[in-house]
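Reviewing the structure listed below.
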Amino acid sequence: MSAVDPAGPDPSVTEAINKGNAVVFLDVTLGEGDNAALLGRIKLELFVQDCPKTCENFRQLCTGEFLVSEQPTGYKGSPFHRVIKDFMLQGGDFVKGDGTGQRCIHGGSDTFADENFLHRHDQPGMLSMANSGKDTNACQFFITTAKADWLNGVHVVFGKVLDAESMLTVRKCEAVPVSNQKPRIPLIITECGEL
């Protein structure tokens with residue numbers, strides 16, 4: 001007999017999936033090893049209908065479906081390397097861990113073109129691609145912690161934080177002490193996947 005969740009399926013996840021979108025998660029810890037403390041889970045709705053290529057890149061890097069030398073490759077074990085209070089959290093550099101690494105699932109290059117700018121940085125909790133200029137999307141992403149409209153038309157918004165509990169985890173990450181925008185205590189994505 002299989003275990004059944006007495007609370008039933010998460011309605012926010014079900015609603016997102018019923019709209020044709022995907023839902024992924026990032027479990028974030030503060031610190032590493034025995035001293036690590038779980039801050040919580042960030043559930044993210046991916047706007048698959050509007051940004052299929054960008055969303056598939058992010059989804060596969062969450063699930064480990066993307067293989068390099070036959071090894072699952074992606075966000076698991078990578079840091080949020082940049083935190084700016086009242087602006088955003090940036091992560092996803094599983095290549096170098098410092099904001100300089102690039103890799104994507106789309107063969108032939110480490111980067112891919114801006115898909116579109118349909119969605120805007122109009123509120124906290126928007127999921128967007130970090131880049132180093134036009135058409136340089138790879139693995140790095142950021143989550144806004146405030147409205148950031150100057151980024152509209154420059155960075156591709158492809159998802160959003162799904163619920164209040166997830167946004168609370170984002171706020172906990174935002175509150176971590178930093179030095180030159182780098183968390184003084186590592187913020188690590190310890191587990192990630194698709195719901």
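Labels for the structure tokens follow display order: chains A, B, ..., residues from 1 in each chain, ligands from 1.
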Problem set entry | range 115-126 of chain A environment, 7 Å, only C-alpha atoms, sequence neighbours closer than 2 positions dropped, as a PyMOL selection string | chain A and resi 51+54+113+128+143-149+151-153+156-157+159-161+167
Exercise. Which residues, written as a PyMOL selection string, have at least one atom at most 6 Å from Arg103 in chain A, with only C-alpha atoms counted and residues fewer than 2 positions away on the same chain left out?
Worked result: chain A and resi 110+138-139
For this session: Identify, on the basis of only C-alpha atoms, every residue whose closest approach to Ser78 in chain A does not exceed 7 Å; exclude the query and any residue fewer than 2 positions from it along the same chain; express the result as a list in words.
Result: Tyr75, Lys76, Gly92, Asp93, Phe94, Gly97, Ile188 and Ile189 of chain A
Exercise. Any idea what's packed within 10 Å of range 36-45 of chain A, counting only C-alpha atoms, ignoring anything in its chain fewer than 4 positions away? Could you give it as a PyMOL selection string?
Worked result: chain A and resi 12-13+15-17+21-32+55+125-127+143+158-173+185-195
Include C-alpha atoms and write out the residues we just selected as a CSV table (one decimal), in the first residue's frame.
```
chain,number,residue,atom,x,y,z
A,12,SER,CA,-1.0,25.9,-6.4
A,13,VAL,CA,1.1,23.2,-8.2
A,15,GLU,CA,-3.3,25.1,-10.9
A,16,ALA,CA,0.1,25.8,-12.6
A,17,ILE,CA,0.2,22.4,-14.3
A,21,ASN,CA,3.2,25.2,-17.1
A,22,ALA,CA,5.8,23.2,-15.3
A,23,VAL,CA,6.7,23.5,-11.6
A,24,VAL,CA,10.2,23.0,-10.2
A,25,PHE,CA,11.7,23.4,-6.8
A,26,LEU,CA,15.0,24.5,-5.2
A,27,ASP,CA,15.8,23.4,-1.6
A,28,VAL,CA,18.2,26.0,-0.2
A,29,THR,CA,20.5,25.6,2.8
A,30,LEU,CA,22.6,28.2,4.7
A,31,GLY,CA,26.1,26.8,5.2
A,32,GLU,CA,27.6,23.5,4.1
A,55,CYS,CA,11.9,26.9,-19.5
A,125,GLY,CA,9.3,36.8,-7.1
A,126,MET,CA,9.9,37.0,-10.9
A,127,LEU,CA,12.3,34.3,-12.3
A,143,ILE,CA,14.7,35.9,-8.6
A,158,PHE,CA,10.3,32.9,-17.7
A,159,GLY,CA,8.7,32.1,-14.4
A,160,LYS,CA,7.7,33.2,-10.9
A,161,VAL,CA,7.8,32.1,-7.3
A,162,LEU,CA,4.7,29.9,-6.9
A,163,ASP,CA,3.4,30.6,-3.4
A,164,ALA,CA,3.9,32.6,-0.2
A,165,GLU,CA,5.8,29.9,1.6
A,166,SER,CA,8.3,29.8,-1.3
A,167,MET,CA,8.6,33.6,-1.2
A,168,LEU,CA,9.3,33.4,2.5
A,169,THR,CA,12.3,31.2,1.6
A,170,VAL,CA,13.4,33.8,-0.9
A,171,ARG,CA,13.2,36.5,1.8
A,172,LYS,CA,15.3,34.4,4.1
A,173,CYS,CA,18.0,34.1,1.4
A,185,ILE,CA,27.8,32.0,4.6
A,186,PRO,CA,27.2,29.9,1.5
A,187,LEU,CA,23.6,29.7,0.2
A,188,ILE,CA,23.5,26.3,-1.5
A,189,ILE,CA,20.8,24.6,-3.7
A,190,THR,CA,21.0,21.2,-2.0
A,191,GLU,CA,18.2,19.5,-3.9
A,192,CYS,CA,16.1,20.5,-6.9
A,193,GLY,CA,13.7,18.9,-9.3
A,194,GLU,CA,10.2,18.9,-10.8
A,195,LEU,CA,6.9,18.6,-9.0
```
Problem set entry | Residue list (strand (DSSP E or B), DSSP) for chain A, as an NGL selection string | :A and (22-30 or 37-46 or 67-68 or 71-72 or 79-84 or 88-91 or 112 or 126-129 or 137 or 141-144 or 157-161 or 178-179 or 182-183 or 187-194)
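Between Phe58 in chain A and the residues A:Lys134, A:His106, A:Lys19, A:Arg82, the shortest atom-to-atom distance, using only C-alpha atoms, involves A:His106.
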For this session: Could you please write out, as number ranges by chain, every residue of chain A that DSSP assigns to helix (DSSP H, G or I)?
Result: A: 11-18, 33-35, 52-63, 149-151, 164-174
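Between Val48 in chain A and the candidates A:Gln140, A:Asn18, A:Ala175, A:Leu61, the tightest atom-to-atom separation, counting only C-alpha atoms, involves A:Asn18.
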Exercise. Which one is closest to Glu56 in chain A: A:Met88, A:Arg184, A:Ala130, A:Cys104? Count only C-alpha atoms.
Worked result: A:Cys104
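Interatomic distance, CA of Met129 in chain A against CA of Lys182 in chain A: 18.6 Å.
Remark: for Gln181 in chain A, the closest of the candidate residues A:Lys85, A:Arg59, A:Lys53, A:His155 is A:Lys85 (distances computed over only C-alpha atoms).
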